[in-house]
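Undergrad: Submitted below is the structure of interest, expressed as structure tokens.
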Amino acid sequence: MGLLEGRTALIVGLANERSLAWGIAQAFAAEGATLAFSYAGPALERRVRPLAEQVGARFVEQCDVQRDAELDALFARFREQHDRLDVLVHAVAFARREELAGRFVDTSRDGFQLAMDVSVYSLVALTQRALPLFTGPNPSVLTLTYDGARRTYPNYNVMGVAKAALEAAVRYLARDLGPQNIRVNAISAGPVRTLASSGIRGFHWILDQVEERAPLRRNIAQADVGAAAVYLASDLARNVTGHTLYVDAGYHIVGAELGRAEREGEVR
Ligand code: NAD
């Protein structure tokens with residue numbers, strides 16, 4: 001029997017087959033979960049629907065997380081088809097391309113607000129609406145973050161600040177909802193090429209550095225995020241909440257590297 005047999009997951013943030021949400025969807029489906037999806041806007045529908053069909057999902061709805069009316073409509077429609085939700089997956093982030101290049105100090109007020117609204121407040125807005133549906137034995141919320149919350153990366157800028165706020169939001173939600181047996185966790189994924197990450201100037205430099213410097217000397221894949229998500233959503237993690245789980249080949253623990261001479265065995 002699959003680890004998520006009999007559980008229903010709503011996955012918010014599927015854009016295409018490269019999305020981390022797709023890695024999570026495939027892993028959840030393999031463990032027996034029933035899946036439901038929402039996507040940001042009409043332009044994505046033709047990519048999202050065929051993917052949803054591949055994992056047997058019947059519920060596929062549009063929802064811009066910046067619009068309260070669309071959020072309300074999403075959950076109203078969900079309730080028409082499902083009387084319970086077990087896992088809410090938040091895989092949504094956005095910042096304008098111009099804020100993901102150059103200096104953080106140049107961030108505009110509306111660019112800051114936009115990044116925080118889409119990438120952080122949406123977790124709160126979705127969780128609020130999911131609460132009445134969390135009536136099963138082990139409900140949980142899962143979001144996706146990045147090490148740019150903790151350390152600085154070139155051009156990640158306002159998104160790093162948004163991810164720091166997102167990780168704090170995970171802790172506050174976990175504290176609020178723990179007494180109702182609802183868990184809230186984050187996966188801090190290593191860099192993966194997706195639509196969102198392609199907006200970050202020089203993203204390939206980060207991929208190269210992870211491969212060179214991470215303890216495991218490799219980049220991660222979508223499927224690694226899916227596997228971690230299965231764990232966090234399953235009963236195996238029933239006492240794990242407020243946690244940020246790194247799935248990054250260990251890159252977050254690395255400080256300085258040895259110089260080239262030392263790496264090549266030359267003693268100085
Ligand atoms: P992606 O582009 O596939 O997913 C981002 C999703 O956010 C898209 O589906 C997009 O439509 C959605 N979105 C943006 N604005 C929205 C809005 N107003 N309403 C509803 N949806 C909206 O890219 P991804 O890399 O899979 O990103 C998913 C999550 O993973 C993001 O939170 C991202 O920051 C995080 N993450 C990505 C990486 C990486 O390297 N790719 C690493 C760590 C964390």
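Residues in the structure tokens are named by chain (A, B, ... in the order shown) and by number from 1 within that chain; ligands are numbered from 1 in the order shown.
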Could you list, as a PDB file with C-alpha atoms, in the first residue's frame, every residue within 6 Å of A:Leu100, counting only C-alpha atoms and ignoring same-chain residues fewer than 4 positions away?

TA:
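Once everything was written out, this is out_33.pdb:
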```pdb
ATOM      1  CA  ASN A 155      20.646  38.354  -8.304  1.00  0.00           C
ATOM      2  CA  TYR A 156      18.299  36.352  -6.027  1.00  0.00           C
ATOM      3  CA  ILE A 200      17.132  34.699 -12.229  1.00  0.00           C
TER       4      ILE A 200
END
```

Undergrad: Within 7 Å of ligand 1, which residues show up when you count only C-alpha atoms and all ligand atoms? List them as a PyMOL selection string, please.

TA: chain A and resi 12-16+18-21+39-40+63-66+91-94+118-119+144-146+188-197

Undergrad: Those same residues, written as a short mmCIF file (atom, residue, chain, number, x, y, z; two decimals), in the first residue's frame with N, CA and C atoms?

TA:
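Written output follows (out_27.cif):
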```cif
data_model
loop_
_atom_site.label_atom_id
_atom_site.label_comp_id
_atom_site.auth_asym_id
_atom_site.auth_seq_id
_atom_site.Cartn_x
_atom_site.Cartn_y
_atom_site.Cartn_z
N VAL A 12 -0.73 23.58 -5.74
CA VAL A 12 -0.87 24.93 -6.30
C VAL A 12 0.49 25.35 -6.84
N GLY A 13 0.57 25.56 -8.17
CA GLY A 13 1.84 26.02 -8.72
C GLY A 13 2.41 25.14 -9.83
N LEU A 14 1.56 24.31 -10.44
CA LEU A 14 2.05 23.54 -11.59
C LEU A 14 2.00 24.44 -12.83
N ALA A 15 3.15 24.54 -13.53
CA ALA A 15 3.19 25.34 -14.77
C ALA A 15 3.48 24.44 -15.97
N ASN A 16 4.43 23.52 -15.80
CA ASN A 16 4.80 22.64 -16.91
C ASN A 16 5.55 21.42 -16.35
N ARG A 18 8.55 20.78 -16.11
CA ARG A 18 9.77 21.07 -15.36
C ARG A 18 9.50 21.56 -13.93
N SER A 19 8.27 21.92 -13.65
CA SER A 19 7.92 22.48 -12.33
C SER A 19 8.27 21.51 -11.20
N LEU A 20 8.75 22.07 -10.08
CA LEU A 20 8.96 21.21 -8.91
C LEU A 20 7.62 20.60 -8.49
N ALA A 21 6.54 21.34 -8.71
CA ALA A 21 5.21 20.81 -8.40
C ALA A 21 4.93 19.51 -9.17
N TYR A 39 -3.70 26.29 -11.27
CA TYR A 39 -2.65 26.95 -12.05
C TYR A 39 -2.99 28.44 -12.14
N ALA A 40 -1.95 29.24 -12.46
CA ALA A 40 -2.07 30.69 -12.29
C ALA A 40 -3.03 31.38 -13.25
N CYS A 63 -6.39 29.60 -10.64
CA CYS A 63 -6.47 30.47 -9.45
C CYS A 63 -5.22 31.34 -9.39
N ASP A 64 -5.42 32.64 -9.53
CA ASP A 64 -4.35 33.60 -9.30
C ASP A 64 -4.33 33.87 -7.80
N VAL A 65 -3.24 33.53 -7.13
CA VAL A 65 -3.21 33.61 -5.67
C VAL A 65 -3.23 35.05 -5.15
N GLN A 66 -3.14 36.02 -6.04
CA GLN A 66 -3.24 37.42 -5.60
C GLN A 66 -4.70 37.86 -5.49
N ALA A 91 3.53 25.76 -4.21
CA ALA A 91 4.76 25.77 -5.03
C ALA A 91 4.73 27.00 -5.93
N VAL A 92 4.57 28.15 -5.31
CA VAL A 92 4.31 29.40 -6.02
C VAL A 92 5.32 30.46 -5.59
N ALA A 93 5.86 31.16 -6.55
CA ALA A 93 6.72 32.32 -6.25
C ALA A 93 6.78 33.20 -7.49
N PHE A 94 6.93 34.50 -7.25
CA PHE A 94 7.10 35.40 -8.39
C PHE A 94 7.80 36.68 -7.96
N VAL A 118 2.82 37.41 -3.70
CA VAL A 118 2.68 36.14 -4.45
C VAL A 118 3.43 35.00 -3.75
N SER A 119 4.60 35.30 -3.21
CA SER A 119 5.49 34.22 -2.75
C SER A 119 5.32 33.88 -1.28
N LEU A 144 7.76 25.45 -0.72
CA LEU A 144 9.10 25.29 -1.28
C LEU A 144 9.90 26.55 -1.10
N THR A 145 11.10 26.40 -0.53
CA THR A 145 11.94 27.54 -0.29
C THR A 145 13.34 27.29 -0.86
N TYR A 146 14.22 28.26 -0.64
CA TYR A 146 15.58 28.16 -1.20
C TYR A 146 16.56 28.75 -0.20
N SER A 188 13.66 23.04 1.34
CA SER A 188 14.59 23.99 0.74
C SER A 188 15.34 23.22 -0.36
N ALA A 189 14.89 23.43 -1.58
CA ALA A 189 15.43 22.66 -2.71
C ALA A 189 16.69 23.32 -3.26
N GLY A 190 17.62 22.51 -3.70
CA GLY A 190 18.75 23.03 -4.46
C GLY A 190 18.26 23.56 -5.80
N PRO A 191 19.14 24.24 -6.54
CA PRO A 191 18.69 24.83 -7.81
C PRO A 191 18.32 23.77 -8.85
N VAL A 192 17.20 24.01 -9.54
CA VAL A 192 16.72 23.14 -10.62
C VAL A 192 16.22 24.06 -11.73
N ARG A 193 16.55 23.74 -12.96
CA ARG A 193 16.07 24.58 -14.08
C ARG A 193 14.56 24.47 -14.24
N THR A 194 13.87 25.58 -14.05
CA THR A 194 12.41 25.64 -14.24
C THR A 194 12.08 27.00 -14.85
N LEU A 195 10.79 27.20 -15.12
CA LEU A 195 10.36 28.50 -15.63
C LEU A 195 10.73 29.61 -14.65
N ALA A 196 10.46 29.39 -13.36
CA ALA A 196 10.73 30.43 -12.36
C ALA A 196 12.23 30.70 -12.25
N SER A 197 13.04 29.65 -12.19
CA SER A 197 14.48 29.87 -11.97
C SER A 197 15.13 30.48 -13.22
#
```

Undergrad: Per DSSP on the backbone, what are the strand (DSSP E or B) residues of stretch 6-238 of chain A, as a PyMOL selection string?

TA: chain A and resi 8-12+34-39+59-62+87-90+140-145+183-189

Undergrad: Using only C-alpha atoms, which of the listed residues (A:Thr244, A:Tyr153, A:Val161, A:Val87) sits closest to A:Ala115?

TA: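 So, comparing all the options, the nearest one is A:Val161.
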
Undergrad: Check which residues of stretch 39-86 of chain A sit at most 9 Å from stretch 122-137 of chain A using only C-alpha atoms, and return one row each with the closest pair of atoms and their distance in Å to one decimal, ordered by chain and rising number, as a tab-separated table.

TA:
```
residue	atom	partner	partner_atom	distance
A:Val65	CA	A:Ser122	CA	5.8
A:Gln66	CA	A:Ser122	CA	7.1
A:Asp68	CA	A:Ala125	CA	8.1
A:Leu71	CA	A:Leu126	CA	7.2
A:Asp72	CA	A:Arg129	CA	7.4
A:Phe75	CA	A:Arg129	CA	6.8
A:Arg79	CA	A:Leu133	CA	8.1
A:His82	CA	A:Leu133	CA	8.8
A:Asp83	CA	A:Leu133	CA	6.8
A:Arg84	CA	A:Leu133	CA	4.8
A:Leu85	CA	A:Leu133	CA	5.2
A:Asp86	CA	A:Phe134	CA	6.0
```

Undergrad: Write the residues of the selection above to a file with N, CA, C and O atoms, as a PDB file, in the first residue's frame.

TA:
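Here's the written file out00.pdb:
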```pdb
ATOM      1  N   VAL A  65      -3.236  33.529  -7.134  1.00  0.00           N
ATOM      2  CA  VAL A  65      -3.207  33.613  -5.666  1.00  0.00           C
ATOM      3  C   VAL A  65      -3.225  35.054  -5.150  1.00  0.00           C
ATOM      4  O   VAL A  65      -3.326  35.278  -3.944  1.00  0.00           O
ATOM      5  N   GLN A  66      -3.141  36.022  -6.044  1.00  0.00           N
ATOM      6  CA  GLN A  66      -3.245  37.420  -5.600  1.00  0.00           C
ATOM      7  C   GLN A  66      -4.699  37.864  -5.488  1.00  0.00           C
ATOM      8  O   GLN A  66      -4.965  38.967  -5.014  1.00  0.00           O
ATOM      9  N   ASP A  68      -8.400  37.339  -4.003  1.00  0.00           N
ATOM     10  CA  ASP A  68      -9.185  36.646  -2.980  1.00  0.00           C
ATOM     11  C   ASP A  68     -10.387  35.927  -3.585  1.00  0.00           C
ATOM     12  O   ASP A  68     -10.721  34.816  -3.171  1.00  0.00           O
ATOM     13  N   LEU A  71      -9.334  32.692  -5.008  1.00  0.00           N
ATOM     14  CA  LEU A  71      -9.006  31.737  -3.942  1.00  0.00           C
ATOM     15  C   LEU A  71     -10.293  31.154  -3.347  1.00  0.00           C
ATOM     16  O   LEU A  71     -10.406  29.937  -3.145  1.00  0.00           O
ATOM     17  N   ASP A  72     -11.257  32.032  -3.098  1.00  0.00           N
ATOM     18  CA  ASP A  72     -12.539  31.552  -2.541  1.00  0.00           C
ATOM     19  C   ASP A  72     -13.212  30.584  -3.515  1.00  0.00           C
ATOM     20  O   ASP A  72     -13.709  29.533  -3.113  1.00  0.00           O
ATOM     21  N   PHE A  75     -11.597  27.044  -3.563  1.00  0.00           N
ATOM     22  CA  PHE A  75     -11.959  26.150  -2.467  1.00  0.00           C
ATOM     23  C   PHE A  75     -13.448  25.770  -2.517  1.00  0.00           C
ATOM     24  O   PHE A  75     -13.809  24.652  -2.141  1.00  0.00           O
ATOM     25  N   ARG A  79     -14.610  21.900  -2.688  1.00  0.00           N
ATOM     26  CA  ARG A  79     -15.580  21.284  -1.758  1.00  0.00           C
ATOM     27  C   ARG A  79     -16.719  20.583  -2.493  1.00  0.00           C
ATOM     28  O   ARG A  79     -17.330  19.665  -1.962  1.00  0.00           O
ATOM     29  N   HIS A  82     -14.734  17.241  -3.198  1.00  0.00           N
ATOM     30  CA  HIS A  82     -14.012  16.540  -2.126  1.00  0.00           C
ATOM     31  C   HIS A  82     -14.506  17.032  -0.771  1.00  0.00           C
ATOM     32  O   HIS A  82     -14.690  18.227  -0.580  1.00  0.00           O
ATOM     33  N   ASP A  83     -14.700  16.115   0.179  1.00  0.00           N
ATOM     34  CA  ASP A  83     -15.133  16.600   1.499  1.00  0.00           C
ATOM     35  C   ASP A  83     -13.948  16.736   2.459  1.00  0.00           C
ATOM     36  O   ASP A  83     -14.125  17.129   3.609  1.00  0.00           O
ATOM     37  N   ARG A  84     -12.752  16.432   1.959  1.00  0.00           N
ATOM     38  CA  ARG A  84     -11.589  16.488   2.847  1.00  0.00           C
ATOM     39  C   ARG A  84     -10.342  16.798   2.035  1.00  0.00           C
ATOM     40  O   ARG A  84     -10.238  16.376   0.875  1.00  0.00           O
ATOM     41  N   LEU A  85      -9.401  17.513   2.653  1.00  0.00           N
ATOM     42  CA  LEU A  85      -8.087  17.752   2.048  1.00  0.00           C
ATOM     43  C   LEU A  85      -7.034  17.268   3.043  1.00  0.00           C
ATOM     44  O   LEU A  85      -7.130  17.567   4.240  1.00  0.00           O
ATOM     45  N   ASP A  86      -6.047  16.521   2.544  1.00  0.00           N
ATOM     46  CA  ASP A  86      -5.005  16.016   3.443  1.00  0.00           C
ATOM     47  C   ASP A  86      -3.699  16.770   3.296  1.00  0.00           C
ATOM     48  O   ASP A  86      -2.977  16.947   4.274  1.00  0.00           O
TER      49      ASP A  86
END
```

Undergrad: Rank A:Glu61, A:Gly32, A:Asn239, A:Glu17 by their smallest atom-to-atom distance to A:Arg47, using only C-alpha atoms, and report the top residue only.

TA: A:Glu17

Undergrad: I need the residues of stretch 124-203 of chain A that end up classed as alpha helix (DSSP H) by DSSP on the backbone, written out as a list in words.

TA: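 Across stretch 124-203 of chain A, those assigned alpha helix (DSSP H) are Val124, Ala125, Leu126, Thr127, Gln128, Arg129, Ala130, Asn157, Val158, Met159, Gly160, Val161, Ala162, Lys163, Ala164, Ala165, Leu166, Glu167, Ala168, Ala169, Val170, Arg171, Tyr172, Leu173, Ala174, Arg175, Asp176, Leu177 and Phe203 of chain A.
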
Undergrad: Tell me, in Å to one decimal, how far atom CA of A:Gly259 is from atom CA of A:Leu207.

TA: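 Between these atoms lies a distance of 20.0 Å.
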
Undergrad: What does the distance between atom CA of A:Val247 and atom CA of A:Ala165 come to in Å, to one decimal place?

TA: 19.3 Å

Undergrad: Rank A:Pro179, A:Pro154, A:Gly242, A:Pro215 by their smallest atom-to-atom distance to A:Phe203, using only C-alpha atoms, and report the top residue only.

TA: A:Pro154

Undergrad: For the atom pair atom CA of A:Phe78 and atom CA of A:Leu10, what is the interatomic distance in Å to one decimal place?

TA: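 One can read the atom CA of A:Phe78 to atom CA of A:Leu10 distance as 8.9 Å.
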
Undergrad: Could you list, as a PyMOL selection string, every residue within 8 Å of A:Ser234, counting only C-alpha atoms and ignoring same-chain residues fewer than 2 positions away?

TA: chain A and resi 3-4+138+230-232+236-238

Undergrad: What would the file look like if the residues just selected were written as a short mmCIF file (atom, residue, chain, number, x, y, z; two decimals), in the first residue's frame with all heavy atoms?

TA:
```cif
data_model
loop_
_atom_site.label_atom_id
_atom_site.label_comp_id
_atom_site.auth_asym_id
_atom_site.auth_seq_id
_atom_site.Cartn_x
_atom_site.Cartn_y
_atom_site.Cartn_z
N LEU A 3 2.25 5.10 0.57
CA LEU A 3 2.33 5.93 1.78
C LEU A 3 1.24 6.99 1.84
O LEU A 3 0.96 7.53 2.91
CB LEU A 3 3.70 6.62 1.85
CG LEU A 3 4.89 5.73 2.19
CD1 LEU A 3 6.20 6.48 1.94
CD2 LEU A 3 4.80 5.28 3.65
N LEU A 4 0.65 7.33 0.68
CA LEU A 4 -0.38 8.39 0.67
C LEU A 4 -1.73 7.85 0.17
O LEU A 4 -2.59 8.61 -0.27
CB LEU A 4 0.09 9.57 -0.19
CG LEU A 4 1.38 10.25 0.29
CD1 LEU A 4 1.81 11.36 -0.66
CD2 LEU A 4 1.21 10.82 1.71
N ASN A 138 -3.98 13.11 9.38
CA ASN A 138 -2.62 13.69 9.39
C ASN A 138 -2.48 14.81 8.36
O ASN A 138 -1.68 14.73 7.44
CB ASN A 138 -1.61 12.57 9.11
CG ASN A 138 -0.17 13.06 9.18
OD1 ASN A 138 0.13 14.10 9.78
ND2 ASN A 138 0.73 12.33 8.53
N VAL A 230 6.90 13.44 -0.26
CA VAL A 230 6.15 12.25 0.18
C VAL A 230 6.40 12.01 1.66
O VAL A 230 5.47 11.80 2.44
CB VAL A 230 6.55 11.01 -0.65
CG1 VAL A 230 6.05 9.72 0.01
CG2 VAL A 230 6.01 11.11 -2.08
N TYR A 231 7.66 12.06 2.05
CA TYR A 231 8.00 11.85 3.47
C TYR A 231 7.25 12.86 4.36
O TYR A 231 6.56 12.48 5.31
CB TYR A 231 9.51 11.96 3.67
CG TYR A 231 9.90 12.21 5.10
CD1 TYR A 231 9.71 11.23 6.08
CD2 TYR A 231 10.42 13.45 5.50
CE1 TYR A 231 10.04 11.48 7.42
CE2 TYR A 231 10.74 13.71 6.82
CZ TYR A 231 10.54 12.72 7.77
OH TYR A 231 10.85 12.97 9.08
N LEU A 232 7.37 14.16 4.02
CA LEU A 232 6.78 15.19 4.88
C LEU A 232 5.25 15.10 4.93
O LEU A 232 4.64 15.46 5.93
CB LEU A 232 7.22 16.58 4.43
CG LEU A 232 8.68 16.93 4.77
CD1 LEU A 232 9.08 18.25 4.13
CD2 LEU A 232 8.90 16.99 6.29
N LEU A 236 4.95 9.02 8.22
CA LEU A 236 6.34 8.90 8.70
C LEU A 236 6.80 10.19 9.37
O LEU A 236 7.66 10.18 10.23
CB LEU A 236 7.29 8.58 7.53
CG LEU A 236 7.11 7.24 6.84
CD1 LEU A 236 8.03 7.14 5.62
CD2 LEU A 236 7.38 6.10 7.81
N ALA A 237 6.24 11.32 8.94
CA ALA A 237 6.65 12.62 9.47
C ALA A 237 5.59 13.19 10.43
O ALA A 237 5.48 14.40 10.59
CB ALA A 237 6.91 13.60 8.32
N ARG A 238 4.84 12.30 11.08
CA ARG A 238 3.70 12.79 11.88
C ARG A 238 4.11 13.70 13.03
O ARG A 238 3.30 14.47 13.53
CB ARG A 238 2.85 11.62 12.38
CG ARG A 238 3.54 10.73 13.39
CD ARG A 238 2.73 9.47 13.65
NE ARG A 238 3.49 8.51 14.45
CZ ARG A 238 4.41 7.70 13.94
NH1 ARG A 238 4.67 7.71 12.65
NH2 ARG A 238 5.07 6.89 14.72
#
```

Undergrad: So that I can check the surroundings of A:Gly255, please list as number ranges by chain every protein, DNA and RNA residue that reaches within 12 Å of it, counting only C-alpha atoms and ignoring chain neighbours fewer than 2 positions away.

TA: A: 151, 213-215, 250-253, 257-258

Undergrad: Restrict the selected residues to N, CA, C and O atoms and save them as a PDB file, in the first residue's frame.

TA:
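Wrote it out as part-v5.pdb, contents follow:
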```pdb
ATOM      1  N   ARG A 151      21.366  32.740   3.130  1.00  0.00           N
ATOM      2  CA  ARG A 151      22.643  33.267   2.637  1.00  0.00           C
ATOM      3  C   ARG A 151      22.344  34.067   1.380  1.00  0.00           C
ATOM      4  O   ARG A 151      21.302  33.889   0.748  1.00  0.00           O
ATOM      5  N   ARG A 213      30.901  22.160  -5.565  1.00  0.00           N
ATOM      6  CA  ARG A 213      31.217  22.372  -4.156  1.00  0.00           C
ATOM      7  C   ARG A 213      30.312  21.627  -3.183  1.00  0.00           C
ATOM      8  O   ARG A 213      30.641  21.508  -2.002  1.00  0.00           O
ATOM      9  N   ALA A 214      29.156  21.174  -3.583  1.00  0.00           N
ATOM     10  CA  ALA A 214      28.264  20.477  -2.637  1.00  0.00           C
ATOM     11  C   ALA A 214      28.969  19.213  -2.162  1.00  0.00           C
ATOM     12  O   ALA A 214      29.697  18.576  -2.938  1.00  0.00           O
ATOM     13  N   PRO A 215      28.770  18.816  -0.907  1.00  0.00           N
ATOM     14  CA  PRO A 215      29.401  17.584  -0.423  1.00  0.00           C
ATOM     15  C   PRO A 215      29.155  16.391  -1.360  1.00  0.00           C
ATOM     16  O   PRO A 215      30.057  15.580  -1.578  1.00  0.00           O
ATOM     17  N   GLY A 250      23.575  18.796   0.095  1.00  0.00           N
ATOM     18  CA  GLY A 250      24.410  19.257   1.210  1.00  0.00           C
ATOM     19  C   GLY A 250      25.028  20.636   1.018  1.00  0.00           C
ATOM     20  O   GLY A 250      25.796  21.097   1.876  1.00  0.00           O
ATOM     21  N   TYR A 251      24.668  21.314  -0.054  1.00  0.00           N
ATOM     22  CA  TYR A 251      25.349  22.580  -0.377  1.00  0.00           C
ATOM     23  C   TYR A 251      25.235  23.615   0.753  1.00  0.00           C
ATOM     24  O   TYR A 251      26.156  24.397   0.978  1.00  0.00           O
ATOM     25  N   HIS A 252      24.127  23.582   1.505  1.00  0.00           N
ATOM     26  CA  HIS A 252      23.908  24.626   2.526  1.00  0.00           C
ATOM     27  C   HIS A 252      24.891  24.556   3.687  1.00  0.00           C
ATOM     28  O   HIS A 252      24.988  25.504   4.447  1.00  0.00           O
ATOM     29  N   ILE A 253      25.623  23.454   3.833  1.00  0.00           N
ATOM     30  CA  ILE A 253      26.560  23.363   4.972  1.00  0.00           C
ATOM     31  C   ILE A 253      27.950  23.844   4.610  1.00  0.00           C
ATOM     32  O   ILE A 253      28.835  23.926   5.469  1.00  0.00           O
ATOM     33  N   GLU A 257      35.844  26.977   0.584  1.00  0.00           N
ATOM     34  CA  GLU A 257      36.459  25.812  -0.070  1.00  0.00           C
ATOM     35  C   GLU A 257      37.976  25.884   0.115  1.00  0.00           C
ATOM     36  O   GLU A 257      38.533  26.965   0.320  1.00  0.00           O
ATOM     37  N   LEU A 258      38.650  24.747  -0.019  1.00  0.00           N
ATOM     38  CA  LEU A 258      40.114  24.749  -0.107  1.00  0.00           C
ATOM     39  C   LEU A 258      40.528  25.460  -1.386  1.00  0.00           C
ATOM     40  O   LEU A 258      39.775  25.453  -2.374  1.00  0.00           O
TER      41      LEU A 258
END
```
